[in-house]
Amino acid sequence: MTDSAKDDGFVVFDHVQKSYDGEILVVKDLNLSIGRGEFLTMLGPSGSGKTTCLMMLAGFETATHGDIRLGGKPINNIPPHKRGIGMVFQNYALFPHMTIAENLSFPLEVRKIGKSDREAKVKRALDMVEMGDFGGRRPAQLSGGQQQRVALARALVFEPELVLMDEPLGALDKQLREKMQFEITHLAHSLGITVVYVTHDQTEALTMSDRVAVFDDGRIQQIAPPDQLYEAPENSFVAQFIGENNTMEGTIEEIKNGVALVKLDSGGMIDAKPINVSKAGERTRVSIRPERVEYNRDRLSPDAHTLKAEVLEFIYMGDIFRTRLRVGGNDEFIVKTRNAPDQRRLTPGETIEIGWMPDDCRALDA
Ligand SMILES: Nc1ncnc2c1ncn2[C@@H]1O[C@H](COP(=O)(O)OP(=O)(O)OP(=O)(O)O)[C@@H](O)[C@H]1O
Ligand SMILES: [Mg+2]
């Protein structure tokens with residue numbers, strides 16, 4: 001994030017609600033403040049309200065309740081062409097009757113940019129998405145991925161202050177996708193563009209964003225920088241939605257000195273960090289990342305609680321080993337270990353003991 005991103009509130013959603021039919025709220029009391037120059041990603045299941053939020057910000061939908069402000073001003077008071085918003089829609093709508101170059105030139109003409117400047121900007125934007133040779137074609141003569149790249153170039157060509165992108169890389173293959181992820185973040189940061197980005201791809205969200213807002217059912221479940229979201233999910237939904245995760249259900253036995261002792265339904269006792277649980281007797285779902293599980297006793301504290309586990313499958317993946325265990329009736333308990341020279345390779349059928357640092361295991365809502 002650039003320094004200027006600290007002056008918070010370039011884009012503000014203030015108690016925003018949205019209903020299309022006057023009954024069901026698809027966005028429920030959304031409060032969100034995005035700093036200038038920030039790269040913010042909305043991540044969440046299908047139908048959770050992400051596109052609706054972008055549409056309201058762009059001015060194509062109105063909020064049923066609440067305010068949306070851009071640069072301190074209510075968005076309704078700013079005419080669309082003065083909003084300085086570039087957009088890439090989920091269904092990248094290019095103008096079908098114009099060539100690719102004309103599609104890109106259009107937003108520049110609207111902004112009264114001179115011809116030679118326009119040509120230079122169009123060329124640079126097309127080159128950026130590796131579409132420099134396609135300026136003379138029409139959208140119908142391009143593949144889906146190529147159209148998507150042109151849509152991206154068109155959103156960026158006039159160097160807008162704010163860019164809204166709804167799954168802009170969905171139609172690209174992995175390699176091009178990763179290249180474009182890098183290009184977009186690099187460009188956004190170097191030009192100081194504020195980006196509100198929507199994706200289904202959590203790796204994309206984690207690698208590109210300053211902050212990620214996890215949506216579910218019209219609400220933000222958690223908004224945090226990528227590392228915090230991954231390492232410190234605040235509820236079970238976020239823990240499950242972001243990254244791979246092992247969970248076990250149980251009841252809080254006691255909470256003492258910031259450590260929760262959990263009696264698992266499967267019988268064992270383990271230590272966890274209490275997150276959104278508060279007292280003995282409460283139901284909980286504990287959550288532990290596959291790379292934080294230890295089966296090397298030396299790496300656990302002497303008084304750590306451990307669980308017996310049976311090795312079901314050992315998969316060599318090159319950089320890591322992925323082992324599937326049966327732990328207390330759960331056959332899908334995953335452990336990931338780095339392929340280090342001294343790392344023990346487990347054998348299916350063997351019984352081991354697993355444990356973890358209490359800080360790495362989070363007692364969340366059941
Ligand atoms: N124009 C519309 N009229 C009525 N309902 C709509 C309209 N657009 C979206 N919805 C509904 O609003 C809810 C949120 O939709 P939205 O498009 O914002 O979800 P999304 O998070 O973008 O999902 P996806 O990841 O599938 O694109 C959905 O239940 C959807 O059916
Ligand atoms: Mg959508």
# chains A, B, ... in the order shown; residues from 1 in each chain; ligands from 1
>>> residues_around(residues="Ile242 in chain A", least_positions_apart="3", cutoff="9 Å", atoms="only C-alpha atoms", output="number ranges by chain")
A: 202-203, 214, 229-230, 233, 237-239, 245
>>> write_last_selection(atoms="C-alpha atoms", output="short mmCIF file (atom, residue, chain, number, x, y, z; two decimals), in the first residue's frame")
data_model
loop_
_atom_site.label_atom_id
_atom_site.label_comp_id
_atom_site.auth_asym_id
_atom_site.auth_seq_id
_atom_site.Cartn_x
_atom_site.Cartn_y
_atom_site.Cartn_z
CA GLN A 202 -8.41 -16.90 -3.06
CA THR A 203 -4.78 -17.16 -4.12
CA VAL A 214 -14.57 -11.75 2.84
CA LEU A 229 -6.89 -13.16 7.19
CA TYR A 230 -5.07 -16.42 6.61
CA PRO A 233 -9.48 -15.87 10.88
CA PHE A 237 -16.67 -19.21 7.89
CA VAL A 238 -13.48 -17.27 7.15
CA ALA A 239 -11.26 -20.10 8.41
CA ASN A 245 -8.05 -25.97 7.05
#
>>> residues_near_ligand(ligand="ligand 2", cutoff="8 Å", atoms="only C-alpha atoms and all ligand atoms", output="ChimeraX atom specification")
/A:46-47,49-52,90,166-167,198
>>> write_last_selection(atoms="N, CA and C atoms", output="PDB file, in the first residue's frame")
ATOM      1  N   SER A  46     -20.565 -17.325  -4.526  1.00  0.00           N
ATOM      2  CA  SER A  46     -21.477 -16.816  -5.532  1.00  0.00           C
ATOM      3  C   SER A  46     -22.761 -16.315  -4.871  1.00  0.00           C
ATOM      4  N   GLY A  47     -23.199 -15.140  -5.297  1.00  0.00           N
ATOM      5  CA  GLY A  47     -24.447 -14.597  -4.774  1.00  0.00           C
ATOM      6  C   GLY A  47     -24.309 -13.853  -3.455  1.00  0.00           C
ATOM      7  N   GLY A  49     -23.118 -10.890  -2.972  1.00  0.00           N
ATOM      8  CA  GLY A  49     -23.348  -9.449  -3.073  1.00  0.00           C
ATOM      9  C   GLY A  49     -22.179  -8.627  -3.581  1.00  0.00           C
ATOM     10  N   LYS A  50     -21.144  -9.270  -4.102  1.00  0.00           N
ATOM     11  CA  LYS A  50     -19.945  -8.544  -4.533  1.00  0.00           C
ATOM     12  C   LYS A  50     -20.206  -7.647  -5.744  1.00  0.00           C
ATOM     13  N   THR A  51     -20.788  -8.233  -6.793  1.00  0.00           N
ATOM     14  CA  THR A  51     -21.064  -7.446  -7.994  1.00  0.00           C
ATOM     15  C   THR A  51     -22.031  -6.312  -7.671  1.00  0.00           C
ATOM     16  N   THR A  52     -23.007  -6.604  -6.839  1.00  0.00           N
ATOM     17  CA  THR A  52     -23.968  -5.569  -6.442  1.00  0.00           C
ATOM     18  C   THR A  52     -23.242  -4.372  -5.822  1.00  0.00           C
ATOM     19  N   GLN A  90     -17.908  -8.313 -15.049  1.00  0.00           N
ATOM     20  CA  GLN A  90     -17.842  -9.772 -15.030  1.00  0.00           C
ATOM     21  C   GLN A  90     -18.035 -10.309 -16.459  1.00  0.00           C
ATOM     22  N   ASP A 166     -14.342  -6.769 -11.876  1.00  0.00           N
ATOM     23  CA  ASP A 166     -15.147  -7.907 -11.455  1.00  0.00           C
ATOM     24  C   ASP A 166     -14.648  -9.150 -12.178  1.00  0.00           C
ATOM     25  N   GLU A 167     -13.892  -9.978 -11.516  1.00  0.00           N
ATOM     26  CA  GLU A 167     -13.328 -11.196 -12.106  1.00  0.00           C
ATOM     27  C   GLU A 167     -12.647 -10.917 -13.437  1.00  0.00           C
ATOM     28  N   VAL A 198     -12.854  -7.885  -7.569  1.00  0.00           N
ATOM     29  CA  VAL A 198     -13.670  -9.019  -7.145  1.00  0.00           C
ATOM     30  C   VAL A 198     -13.116 -10.288  -7.757  1.00  0.00           C
TER      31      VAL A 198
END
>>> closest_residue(among="A:Phe314, A:Phe333, A:Trp356, A:Phe39", to="Ser301 in chain A", atoms="only C-alpha atoms")
A:Trp356
>>> closest_atom_pairs(of="chain A", to="ligand 1", cutoff="12 Å", atoms="only C-alpha atoms and all ligand atoms", output="JSON lines")
{"residue": "A:Gln17", "atom": "CA", "partner": "ligand 1", "partner_atom_place_in_ligand_line": "12 (O)", "distance": 11.6}
{"residue": "A:Lys18", "atom": "CA", "partner": "ligand 1", "partner_atom_place_in_ligand_line": "12 (O)", "distance": 8.7}
{"residue": "A:Ser19", "atom": "CA", "partner": "ligand 1", "partner_atom_place_in_ligand_line": "12 (O)", "distance": 7.7}
{"residue": "A:Tyr20", "atom": "CA", "partner": "ligand 1", "partner_atom_place_in_ligand_line": "4 (C)", "distance": 4.8}
{"residue": "A:Asp21", "atom": "CA", "partner": "ligand 1", "partner_atom_place_in_ligand_line": "4 (C)", "distance": 6.5}
{"residue": "A:Gly22", "atom": "CA", "partner": "ligand 1", "partner_atom_place_in_ligand_line": "4 (C)", "distance": 9.9}
{"residue": "A:Glu23", "atom": "CA", "partner": "ligand 1", "partner_atom_place_in_ligand_line": "5 (N)", "distance": 10.7}
{"residue": "A:Ile24", "atom": "CA", "partner": "ligand 1", "partner_atom_place_in_ligand_line": "12 (O)", "distance": 8.7}
{"residue": "A:Leu25", "atom": "CA", "partner": "ligand 1", "partner_atom_place_in_ligand_line": "12 (O)", "distance": 8.1}
{"residue": "A:Val26", "atom": "CA", "partner": "ligand 1", "partner_atom_place_in_ligand_line": "13 (C)", "distance": 5.0}
{"residue": "A:Val27", "atom": "CA", "partner": "ligand 1", "partner_atom_place_in_ligand_line": "14 (C)", "distance": 7.5}
{"residue": "A:Lys28", "atom": "CA", "partner": "ligand 1", "partner_atom_place_in_ligand_line": "14 (C)", "distance": 10.9}
{"residue": "A:Met42", "atom": "CA", "partner": "ligand 1", "partner_atom_place_in_ligand_line": "21 (O)", "distance": 8.6}
{"residue": "A:Leu43", "atom": "CA", "partner": "ligand 1", "partner_atom_place_in_ligand_line": "21 (O)", "distance": 8.1}
{"residue": "A:Gly44", "atom": "CA", "partner": "ligand 1", "partner_atom_place_in_ligand_line": "21 (O)", "distance": 6.4}
{"residue": "A:Pro45", "atom": "CA", "partner": "ligand 1", "partner_atom_place_in_ligand_line": "25 (O)", "distance": 5.7}
{"residue": "A:Ser46", "atom": "CA", "partner": "ligand 1", "partner_atom_place_in_ligand_line": "26 (O)", "distance": 3.4}
{"residue": "A:Gly47", "atom": "CA", "partner": "ligand 1", "partner_atom_place_in_ligand_line": "19 (O)", "distance": 3.4}
{"residue": "A:Ser48", "atom": "CA", "partner": "ligand 1", "partner_atom_place_in_ligand_line": "21 (O)", "distance": 3.9}
{"residue": "A:Gly49", "atom": "CA", "partner": "ligand 1", "partner_atom_place_in_ligand_line": "18 (O)", "distance": 3.2}
{"residue": "A:Lys50", "atom": "CA", "partner": "ligand 1", "partner_atom_place_in_ligand_line": "21 (O)", "distance": 3.8}
{"residue": "A:Thr51", "atom": "CA", "partner": "ligand 1", "partner_atom_place_in_ligand_line": "22 (O)", "distance": 3.6}
{"residue": "A:Thr52", "atom": "CA", "partner": "ligand 1", "partner_atom_place_in_ligand_line": "18 (O)", "distance": 3.7}
{"residue": "A:Cys53", "atom": "CA", "partner": "ligand 1", "partner_atom_place_in_ligand_line": "18 (O)", "distance": 6.5}
{"residue": "A:Leu54", "atom": "CA", "partner": "ligand 1", "partner_atom_place_in_ligand_line": "18 (O)", "distance": 8.1}
{"residue": "A:Met55", "atom": "CA", "partner": "ligand 1", "partner_atom_place_in_ligand_line": "18 (O)", "distance": 8.3}
{"residue": "A:Met56", "atom": "CA", "partner": "ligand 1", "partner_atom_place_in_ligand_line": "18 (O)", "distance": 9.9}
{"residue": "A:Phe60", "atom": "CA", "partner": "ligand 1", "partner_atom_place_in_ligand_line": "1 (N)", "distance": 10.1}
{"residue": "A:Glu61", "atom": "CA", "partner": "ligand 1", "partner_atom_place_in_ligand_line": "1 (N)", "distance": 8.6}
{"residue": "A:Thr62", "atom": "CA", "partner": "ligand 1", "partner_atom_place_in_ligand_line": "1 (N)", "distance": 11.2}
{"residue": "A:Phe89", "atom": "CA", "partner": "ligand 1", "partner_atom_place_in_ligand_line": "27 (O)", "distance": 10.2}
{"residue": "A:Gln90", "atom": "CA", "partner": "ligand 1", "partner_atom_place_in_ligand_line": "27 (O)", "distance": 7.3}
{"residue": "A:Asn91", "atom": "CA", "partner": "ligand 1", "partner_atom_place_in_ligand_line": "27 (O)", "distance": 10.0}
{"residue": "A:Met165", "atom": "CA", "partner": "ligand 1", "partner_atom_place_in_ligand_line": "22 (O)", "distance": 11.3}
{"residue": "A:Asp166", "atom": "CA", "partner": "ligand 1", "partner_atom_place_in_ligand_line": "27 (O)", "distance": 8.0}
{"residue": "A:Glu167", "atom": "CA", "partner": "ligand 1", "partner_atom_place_in_ligand_line": "27 (O)", "distance": 8.2}
{"residue": "A:Pro168", "atom": "CA", "partner": "ligand 1", "partner_atom_place_in_ligand_line": "27 (O)", "distance": 11.6}
{"residue": "A:Gly170", "atom": "CA", "partner": "ligand 1", "partner_atom_place_in_ligand_line": "27 (O)", "distance": 11.2}
{"residue": "A:Tyr197", "atom": "CA", "partner": "ligand 1", "partner_atom_place_in_ligand_line": "22 (O)", "distance": 11.2}
{"residue": "A:Val198", "atom": "CA", "partner": "ligand 1", "partner_atom_place_in_ligand_line": "22 (O)", "distance": 7.9}
{"residue": "A:Thr199", "atom": "CA", "partner": "ligand 1", "partner_atom_place_in_ligand_line": "25 (O)", "distance": 7.5}
{"residue": "A:His200", "atom": "CA", "partner": "ligand 1", "partner_atom_place_in_ligand_line": "25 (O)", "distance": 6.6}
{"residue": "A:Asp201", "atom": "CA", "partner": "ligand 1", "partner_atom_place_in_ligand_line": "25 (O)", "distance": 10.3}
{"residue": "A:Ala213", "atom": "CA", "partner": "ligand 1", "partner_atom_place_in_ligand_line": "21 (O)", "distance": 11.9}
{"residue": "A:Val214", "atom": "CA", "partner": "ligand 1", "partner_atom_place_in_ligand_line": "21 (O)", "distance": 10.4}
{"residue": "A:Phe215", "atom": "CA", "partner": "ligand 1", "partner_atom_place_in_ligand_line": "21 (O)", "distance": 7.7}
{"residue": "A:Asp216", "atom": "CA", "partner": "ligand 1", "partner_atom_place_in_ligand_line": "21 (O)", "distance": 8.2}
{"residue": "A:Asp217", "atom": "CA", "partner": "ligand 1", "partner_atom_place_in_ligand_line": "14 (C)", "distance": 8.2}
{"residue": "A:Gly218", "atom": "CA", "partner": "ligand 1", "partner_atom_place_in_ligand_line": "14 (C)", "distance": 7.3}
{"residue": "A:Arg219", "atom": "CA", "partner": "ligand 1", "partner_atom_place_in_ligand_line": "21 (O)", "distance": 10.5}
{"residue": "A:Ile220", "atom": "CA", "partner": "ligand 1", "partner_atom_place_in_ligand_line": "21 (O)", "distance": 11.4}
>>> atom_distance(atom1="CA of Leu164 in chain A", atom2="CA of Pro74 in chain A")
17.6 Å
>>> residues_around(residues="Ile288 in chain A", least_positions_apart="4", cutoff="12 Å", atoms="only C-alpha atoms", output="count of residues only")
36
>>> select_by_dssp(residues="range 24-248 of chain A", states="helix (DSSP H, G or I)", output="PDB file with C-alpha atoms, in the first residue's frame")
ATOM      1  CA  LYS A  50     -19.945  -8.544  -4.533  1.00  0.00           C
ATOM      2  CA  THR A  51     -21.064  -7.446  -7.994  1.00  0.00           C
ATOM      3  CA  THR A  52     -23.968  -5.569  -6.442  1.00  0.00           C
ATOM      4  CA  CYS A  53     -21.482  -3.533  -4.375  1.00  0.00           C
ATOM      5  CA  LEU A  54     -19.442  -2.657  -7.469  1.00  0.00           C
ATOM      6  CA  MET A  55     -22.583  -1.727  -9.392  1.00  0.00           C
ATOM      7  CA  MET A  56     -23.661   0.649  -6.635  1.00  0.00           C
ATOM      8  CA  LEU A  57     -20.198   2.200  -6.538  1.00  0.00           C
ATOM      9  CA  ALA A  58     -20.192   2.628 -10.302  1.00  0.00           C
ATOM     10  CA  ILE A  75     -21.742   9.397  -5.203  1.00  0.00           C
ATOM     11  CA  ASN A  76     -25.235  10.405  -6.340  1.00  0.00           C
ATOM     12  CA  ASN A  77     -24.060  14.010  -6.642  1.00  0.00           C
ATOM     13  CA  PRO A  80     -20.882   9.416 -14.080  1.00  0.00           C
ATOM     14  CA  HIS A  81     -18.306  10.936 -16.468  1.00  0.00           C
ATOM     15  CA  LYS A  82     -16.797  12.932 -13.587  1.00  0.00           C
ATOM     16  CA  ILE A 100     -10.203  -2.881 -30.454  1.00  0.00           C
ATOM     17  CA  ALA A 101      -8.210   0.344 -30.885  1.00  0.00           C
ATOM     18  CA  GLU A 102     -11.421   2.376 -31.123  1.00  0.00           C
ATOM     19  CA  ASN A 103     -12.741   0.684 -28.003  1.00  0.00           C
ATOM     20  CA  LEU A 104      -9.691   1.884 -26.115  1.00  0.00           C
ATOM     21  CA  SER A 105      -9.624   5.301 -27.721  1.00  0.00           C
ATOM     22  CA  PHE A 106     -13.234   5.991 -26.797  1.00  0.00           C
ATOM     23  CA  PRO A 107     -12.769   6.785 -23.082  1.00  0.00           C
ATOM     24  CA  LEU A 108      -9.891   9.080 -24.067  1.00  0.00           C
ATOM     25  CA  GLU A 109     -11.980  10.951 -26.639  1.00  0.00           C
ATOM     26  CA  VAL A 110     -14.711  11.452 -24.068  1.00  0.00           C
ATOM     27  CA  LYS A 115      -5.098  12.378 -31.140  1.00  0.00           C
ATOM     28  CA  SER A 116      -1.366  11.708 -30.806  1.00  0.00           C
ATOM     29  CA  ASP A 117      -1.652  11.304 -27.047  1.00  0.00           C
ATOM     30  CA  ARG A 118      -4.560   8.950 -27.559  1.00  0.00           C
ATOM     31  CA  GLU A 119      -2.634   6.796 -29.970  1.00  0.00           C
ATOM     32  CA  ALA A 120       0.327   6.527 -27.613  1.00  0.00           C
ATOM     33  CA  LYS A 121      -1.873   5.605 -24.652  1.00  0.00           C
ATOM     34  CA  VAL A 122      -3.858   3.049 -26.635  1.00  0.00           C
ATOM     35  CA  LYS A 123      -0.676   1.414 -27.858  1.00  0.00           C
ATOM     36  CA  ARG A 124       0.806   1.259 -24.375  1.00  0.00           C
ATOM     37  CA  ALA A 125      -2.359  -0.189 -22.865  1.00  0.00           C
ATOM     38  CA  LEU A 126      -2.700  -2.840 -25.603  1.00  0.00           C
ATOM     39  CA  ASP A 127       0.959  -3.785 -25.299  1.00  0.00           C
ATOM     40  CA  MET A 128       0.521  -4.212 -21.571  1.00  0.00           C
ATOM     41  CA  GLY A 132      -0.712  -4.841 -29.543  1.00  0.00           C
ATOM     42  CA  ASP A 133      -1.272  -6.652 -32.858  1.00  0.00           C
ATOM     43  CA  PHE A 134      -5.033  -6.795 -32.528  1.00  0.00           C
ATOM     44  CA  PRO A 139     -14.412  -7.888 -30.438  1.00  0.00           C
ATOM     45  CA  ALA A 140     -16.289 -10.742 -32.158  1.00  0.00           C
ATOM     46  CA  GLN A 141     -13.012 -11.722 -33.835  1.00  0.00           C
ATOM     47  CA  GLY A 144     -12.910 -14.789 -24.632  1.00  0.00           C
ATOM     48  CA  GLY A 145      -9.559 -14.350 -22.913  1.00  0.00           C
ATOM     49  CA  GLN A 146      -8.430 -11.816 -25.497  1.00  0.00           C
ATOM     50  CA  GLN A 147     -11.642  -9.823 -25.057  1.00  0.00           C
ATOM     51  CA  GLN A 148     -11.073  -9.891 -21.335  1.00  0.00           C
ATOM     52  CA  ARG A 149      -7.587  -8.476 -21.755  1.00  0.00           C
ATOM     53  CA  VAL A 150      -8.915  -5.709 -24.004  1.00  0.00           C
ATOM     54  CA  ALA A 151     -11.579  -4.880 -21.421  1.00  0.00           C
ATOM     55  CA  LEU A 152      -8.831  -4.596 -18.841  1.00  0.00           C
ATOM     56  CA  ALA A 153      -6.763  -2.318 -21.066  1.00  0.00           C
ATOM     57  CA  ARG A 154      -9.801  -0.134 -21.723  1.00  0.00           C
ATOM     58  CA  ALA A 155     -10.453   0.287 -18.003  1.00  0.00           C
ATOM     59  CA  LEU A 156      -6.893   1.421 -17.393  1.00  0.00           C
ATOM     60  CA  LYS A 174      -2.882 -19.927 -15.464  1.00  0.00           C
ATOM     61  CA  GLN A 175       0.306 -18.482 -16.878  1.00  0.00           C
ATOM     62  CA  LEU A 176      -1.257 -15.394 -18.417  1.00  0.00           C
ATOM     63  CA  ARG A 177      -3.398 -14.973 -15.350  1.00  0.00           C
ATOM     64  CA  GLU A 178      -0.355 -14.848 -13.078  1.00  0.00           C
ATOM     65  CA  LYS A 179       1.400 -12.436 -15.392  1.00  0.00           C
ATOM     66  CA  MET A 180      -1.649 -10.148 -15.456  1.00  0.00           C
ATOM     67  CA  GLN A 181      -2.007 -10.344 -11.670  1.00  0.00           C
ATOM     68  CA  PHE A 182       1.481  -8.981 -11.403  1.00  0.00           C
ATOM     69  CA  GLU A 183       0.909  -6.329 -14.118  1.00  0.00           C
ATOM     70  CA  ILE A 184      -2.298  -5.073 -12.531  1.00  0.00           C
ATOM     71  CA  THR A 185      -0.900  -4.729  -9.013  1.00  0.00           C
ATOM     72  CA  HIS A 186       2.304  -3.196 -10.301  1.00  0.00           C
ATOM     73  CA  LEU A 187       0.449  -0.671 -12.428  1.00  0.00           C
ATOM     74  CA  ALA A 188      -2.056   0.172  -9.712  1.00  0.00           C
ATOM     75  CA  HIS A 189       0.685   0.812  -7.184  1.00  0.00           C
ATOM     76  CA  SER A 190       2.954   2.759  -9.511  1.00  0.00           C
ATOM     77  CA  LEU A 191       0.105   5.015 -10.677  1.00  0.00           C
ATOM     78  CA  GLN A 202      -8.412 -16.901  -3.062  1.00  0.00           C
ATOM     79  CA  THR A 203      -4.777 -17.160  -4.117  1.00  0.00           C
ATOM     80  CA  GLU A 204      -5.364 -14.209  -6.389  1.00  0.00           C
ATOM     81  CA  ALA A 205      -6.974 -12.308  -3.538  1.00  0.00           C
ATOM     82  CA  LEU A 206      -4.129 -13.065  -1.129  1.00  0.00           C
ATOM     83  CA  THR A 207      -1.317 -12.257  -3.548  1.00  0.00           C
ATOM     84  CA  MET A 208      -2.700  -9.051  -5.077  1.00  0.00           C
ATOM     85  CA  PRO A 226      -3.904 -11.201   3.508  1.00  0.00           C
ATOM     86  CA  ASP A 227      -1.549 -12.582   6.180  1.00  0.00           C
ATOM     87  CA  GLN A 228      -3.914 -11.675   8.987  1.00  0.00           C
ATOM     88  CA  LEU A 229      -6.886 -13.160   7.192  1.00  0.00           C
ATOM     89  CA  TYR A 230      -5.067 -16.419   6.606  1.00  0.00           C
ATOM     90  CA  GLU A 231      -3.372 -16.702   9.980  1.00  0.00           C
ATOM     91  CA  SER A 236     -15.374 -20.470  11.220  1.00  0.00           C
ATOM     92  CA  PHE A 237     -16.670 -19.211   7.893  1.00  0.00           C
ATOM     93  CA  VAL A 238     -13.483 -17.270   7.147  1.00  0.00           C
ATOM     94  CA  ALA A 239     -11.261 -20.099   8.411  1.00  0.00           C
ATOM     95  CA  GLN A 240     -12.989 -22.535   6.067  1.00  0.00           C
ATOM     96  CA  PHE A 241     -13.234 -20.193   3.114  1.00  0.00           C
TER      97      PHE A 241
END
